[in-house]
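**Q** I am attaching a structure below and will ask some questions about it afterwards.
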Amino acid sequence: MINFSIKNTLILYTFLLITILIASQSQLLANENKSIDDQVKEISYLLMCPVCQGQSVGESNSNLAHDMRDIVRKQLEEGKSKEEILAYFVNSYGESILASPPPKGINWLLWLLPGVAIIFGGLGITLFLYKSQGNKSEEKQSKAKTKPEVNNDYIKRIEEELEKDNS
Amino acid sequence: MGYAIFGNRVNVKTSPLVGNKAPEFTLKTFDGEDLKLSDLKGKTVLLNFWASWCMPCRQEAGALEKSWQKYKDKDVVFIGVNVWDENSSALSYLGKFGGGYSHAMDPNEEIQVDYGVGGVPETYFIDSSGKVRDKFTGPLTEQIIDYFVLKAQQPEENES
């Protein structure tokens, strides 16, 4: 039986937070050491191929996707950042060229809702487990308090029968 | 008016470039001329992207040629940009459908991306100040060309 307490939950959340922080930090370090090829690949997967059905530039074999990958490479070699390159494509094709919507305006909801859902879902589950633990201990306590009434006549008869046997 | 010309087609796509400065380009035409967009300031430019394997491009070729004949002396420049193609196929196409205006190959396949081309044919209408005024996706007709060329020749604030 899992014994859930607020303390355990806090420890769990702290552990998760630290894991996320370490993961994001190592991701940042990894990004700094990426080769041009890796960066081209990464940026290509952030762009949707305008002539394909639901494929990113990284996945598509179309002429246009090929040209776009070449442009990404050229711009990286010119020293442009990932954000500058994405902005270039957005200027030409609009925001629909991005594989994921930029976090601004109403789009923030799309980015925030999953996190909010996880936090509130986690809290809900924690609360549910905590409450059900509380109910169980309450049940135990009430069971202890309300002992079943002993049938005295029955016990008396048993004792009488035992005495008869012994005598 | 729009419905009469375009029917129920929704080919007049919005482009982030509309209302903004047209990306600069320099082309070497198939006739060997250098063509720079900024040199065409003061003129309306019809920039048409095409490919030899593109059937709708063949469909619009006649309308482009007739319209060019009509507008060539009225400060309107027609430019055809060939994309995703072989040089020999492009030249063979031009022999049959090219018309009298200038055509060039997108040298590094970059101009098409600068303009946000997502297929052929696609046409951009650039006004005399160098601003992109409209983008049209699909085969043009003489009526459509008239509509956009005349619109590009009008001051921007008068647009409906």
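Identifiers in the structure tokens: chain A, B, ... in order shown; residue index from 1 per chain; ligand index from 1 in order shown.
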Restrict the calculation to only C-alpha atoms, then for each residue of stretch 57-105 of chain A with any atom at most 10 Å from an atom of stretch 103-123 of chain B give the closest atom pair and their distance in Å to one decimal, rows by chain and rising residue number, as a Markdown table.

**A**
| residue | atom | partner | partner_atom | distance |
| --- | --- | --- | --- | --- |
| A:Asn63 | CA | B:Glu109 | CA | 9.4 |
| A:Leu64 | CA | B:Gly118 | CA | 7.8 |
| A:Ala65 | CA | B:Val113 | CA | 10.0 |
| A:His66 | CA | B:Glu109 | CA | 9.7 |
| A:Asp67 | CA | B:Glu109 | CA | 6.3 |
| A:Met68 | CA | B:Val113 | CA | 7.2 |
| A:Asp70 | CA | B:Glu110 | CA | 9.1 |
| A:Ile71 | CA | B:Glu110 | CA | 7.2 |
| A:Tyr88 | CA | B:Asp114 | CA | 8.1 |
| A:Phe89 | CA | B:Val113 | CA | 7.8 |
| A:Val90 | CA | B:Gly116 | CA | 8.9 |
| A:Asn91 | CA | B:Gly116 | CA | 8.2 |
| A:Ser92 | CA | B:Gly116 | CA | 4.4 |
| A:Tyr93 | CA | B:Gly116 | CA | 4.7 |
| A:Gly94 | CA | B:Gly116 | CA | 8.4 |
| A:Ile97 | CA | B:Gly116 | CA | 9.7 |

**Q** If you run DSSP on this backbone, which residues of stretch 13-137 of chain B come out as strand (DSSP E), and could you give them as a PyMOL selection string?

**A** chain B and resi 26-28+34-36+44-50+76-82+102-105+122-126+132-137

**Q** Using C-alpha atoms, can you export the residues from the last selection as an mmCIF file, in the first residue's frame?

**A**
data_model
loop_
_atom_site.group_PDB
_atom_site.id
_atom_site.type_symbol
_atom_site.label_atom_id
_atom_site.label_comp_id
_atom_site.auth_asym_id
_atom_site.auth_seq_id
_atom_site.Cartn_x
_atom_site.Cartn_y
_atom_site.Cartn_z
ATOM 1 C CA THR B 26 19.589 39.913 -59.511
ATOM 2 C CA LEU B 27 18.977 37.572 -62.421
ATOM 3 C CA LYS B 28 20.814 36.662 -65.569
ATOM 4 C CA ASP B 34 21.366 41.293 -66.095
ATOM 5 C CA LEU B 35 18.110 42.082 -64.376
ATOM 6 C CA LYS B 36 18.032 43.741 -60.977
ATOM 7 C CA THR B 44 5.062 47.896 -62.001
ATOM 8 C CA VAL B 45 6.576 44.421 -61.984
ATOM 9 C CA LEU B 46 4.785 41.148 -62.610
ATOM 10 C CA LEU B 47 7.046 38.391 -61.260
ATOM 11 C CA ASN B 48 5.903 34.974 -62.414
ATOM 12 C CA PHE B 49 7.458 31.722 -61.135
ATOM 13 C CA TRP B 50 7.150 28.773 -63.509
ATOM 14 C CA VAL B 76 4.830 47.372 -66.616
ATOM 15 C CA VAL B 77 7.653 44.807 -66.642
ATOM 16 C CA PHE B 78 6.964 41.088 -66.877
ATOM 17 C CA ILE B 79 9.631 38.724 -65.526
ATOM 18 C CA GLY B 80 9.451 34.942 -65.645
ATOM 19 C CA VAL B 81 11.532 33.036 -63.087
ATOM 20 C CA ASN B 82 12.172 29.385 -63.826
ATOM 21 C CA SER B 102 12.391 38.314 -69.993
ATOM 22 C CA HIS B 103 12.867 34.947 -68.338
ATOM 23 C CA ALA B 104 15.659 33.769 -66.086
ATOM 24 C CA MET B 105 16.547 30.791 -63.973
ATOM 25 C CA GLU B 122 2.843 31.742 -58.530
ATOM 26 C CA THR B 123 2.833 35.404 -59.405
ATOM 27 C CA TYR B 124 3.773 38.496 -57.423
ATOM 28 C CA PHE B 125 2.687 41.996 -58.323
ATOM 29 C CA ILE B 126 5.180 44.674 -57.264
ATOM 30 C CA VAL B 132 4.717 43.607 -53.015
ATOM 31 C CA ARG B 133 1.057 44.396 -53.567
ATOM 32 C CA ASP B 134 -0.394 40.951 -54.243
ATOM 33 C CA LYS B 135 0.394 37.289 -54.645
ATOM 34 C CA PHE B 136 -1.588 34.989 -56.900
ATOM 35 C CA THR B 137 -1.317 31.209 -56.860
#

**Q** Which distance in Å separates atom CA of B:Asn87 and atom CA of B:Thr29, to one decimal?

**A** 11.8 Å

**Q** Would you please work out which residue, of B:Ala61, B:Leu40, B:Val18, B:Val149, is nearest to chain A when using only C-alpha atoms?

**A**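 Under the stated criterion, the closest residue is B:Val18.
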
**Q** Could you work out how far atom CA of B:Asp127 lies from atom CA of B:Asp75, giving the answer in Å with one decimal?

**A** 10.5 Å

**Q** Counting only C-alpha atoms, what is within 12 Å of A:Leu46, bar same-chain residues fewer than 5 positions away, as a list of chain:residue names?

**A**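 Result of the neighbour search: A:Gln39, A:Val40, A:Lys41, A:Gln55, A:Ser56, A:Val57, A:Gly58, A:Glu59, A:Met68, A:Arg69, A:Val72, A:Lys82, A:Glu83, A:Ile85, A:Leu86, A:Ala87, A:Phe89, A:Val90, A:Glu95, A:Ser96, A:Ile97, A:Leu98, A:Ala99, A:Ser100, A:Pro101, A:Pro102.
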
**Q** Please produce an output containing C-alpha atoms for each residue in the selection, written as a CSV table (one decimal), in the first residue's frame.

**A**
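Generated file (again.csv):
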chain,number,residue,atom,x,y,z
A,39,GLN,CA,22.1,22.3,-36.6
A,40,VAL,CA,20.8,22.1,-40.2
A,41,LYS,CA,18.9,19.0,-39.2
A,55,GLN,CA,6.1,16.8,-43.5
A,56,SER,CA,8.8,18.9,-42.2
A,57,VAL,CA,11.7,20.3,-44.3
A,58,GLY,CA,13.9,17.8,-42.5
A,59,GLU,CA,11.7,14.8,-43.6
A,68,MET,CA,15.4,25.3,-48.0
A,69,ARG,CA,17.9,23.0,-46.2
A,72,VAL,CA,19.6,27.0,-43.7
A,82,LYS,CA,18.6,29.7,-35.3
A,83,GLU,CA,16.1,32.5,-34.4
A,85,ILE,CA,17.0,31.8,-39.8
A,86,LEU,CA,13.5,30.9,-38.6
A,87,ALA,CA,12.6,34.6,-38.8
A,89,PHE,CA,11.4,31.8,-43.3
A,90,VAL,CA,8.5,33.3,-41.4
A,95,GLU,CA,4.1,31.6,-39.3
A,96,SER,CA,2.5,28.5,-40.9
A,97,ILE,CA,6.0,27.5,-42.0
A,98,LEU,CA,6.9,26.8,-38.3
A,99,ALA,CA,6.3,23.2,-37.2
A,100,SER,CA,5.2,24.5,-33.7
A,101,PRO,CA,3.4,27.7,-33.1
A,102,PRO,CA,5.5,30.5,-31.7

**Q** I'd like the neighbourhood of B:Glu65 as an NGL selection string, where a residue qualifies if any of its atoms comes within 9 Å (using only C-alpha atoms), though same-chain residues fewer than 6 positions away should be ignored.

**A** :B and (97-101)

**Q** Counting only C-alpha atoms, figure out which residue out of A:Gly121, A:Gly115, A:Pro50, A:Gly79 gets nearest to chain B.

**A**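 Residue with the minimum atom-to-atom distance to chain B: A:Pro50.
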
**Q** Between atom CA of B:Lys43 and atom CA of B:Gln143, what distance in Å does the model show, to one decimal?

**A** 20.1 Å

**Q** Near B:Ser88, counting only C-alpha atoms, which residues have an atom at most 12 Å away, once you skip same-chain residues fewer than 2 positions from it, shown as an MDAnalysis selection string?

**A** chainID B and resid 30 51:53 82 85:86 90:95 105

**Q** Quick one: pick out all alpha helix (DSSP H) residues within stretch 45-123 of chain B from a backbone DSSP run and write them as a PyMOL selection string.

**A** chain B and resi 55-71+87-97+111-114

**Q** Between A:Ser62, A:Leu10, A:Asp37, A:Ile158, single out the one closest to A:Cys49, counting only C-alpha atoms.

**A**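 Selected residue with least distance to A:Cys49: A:Ser62.
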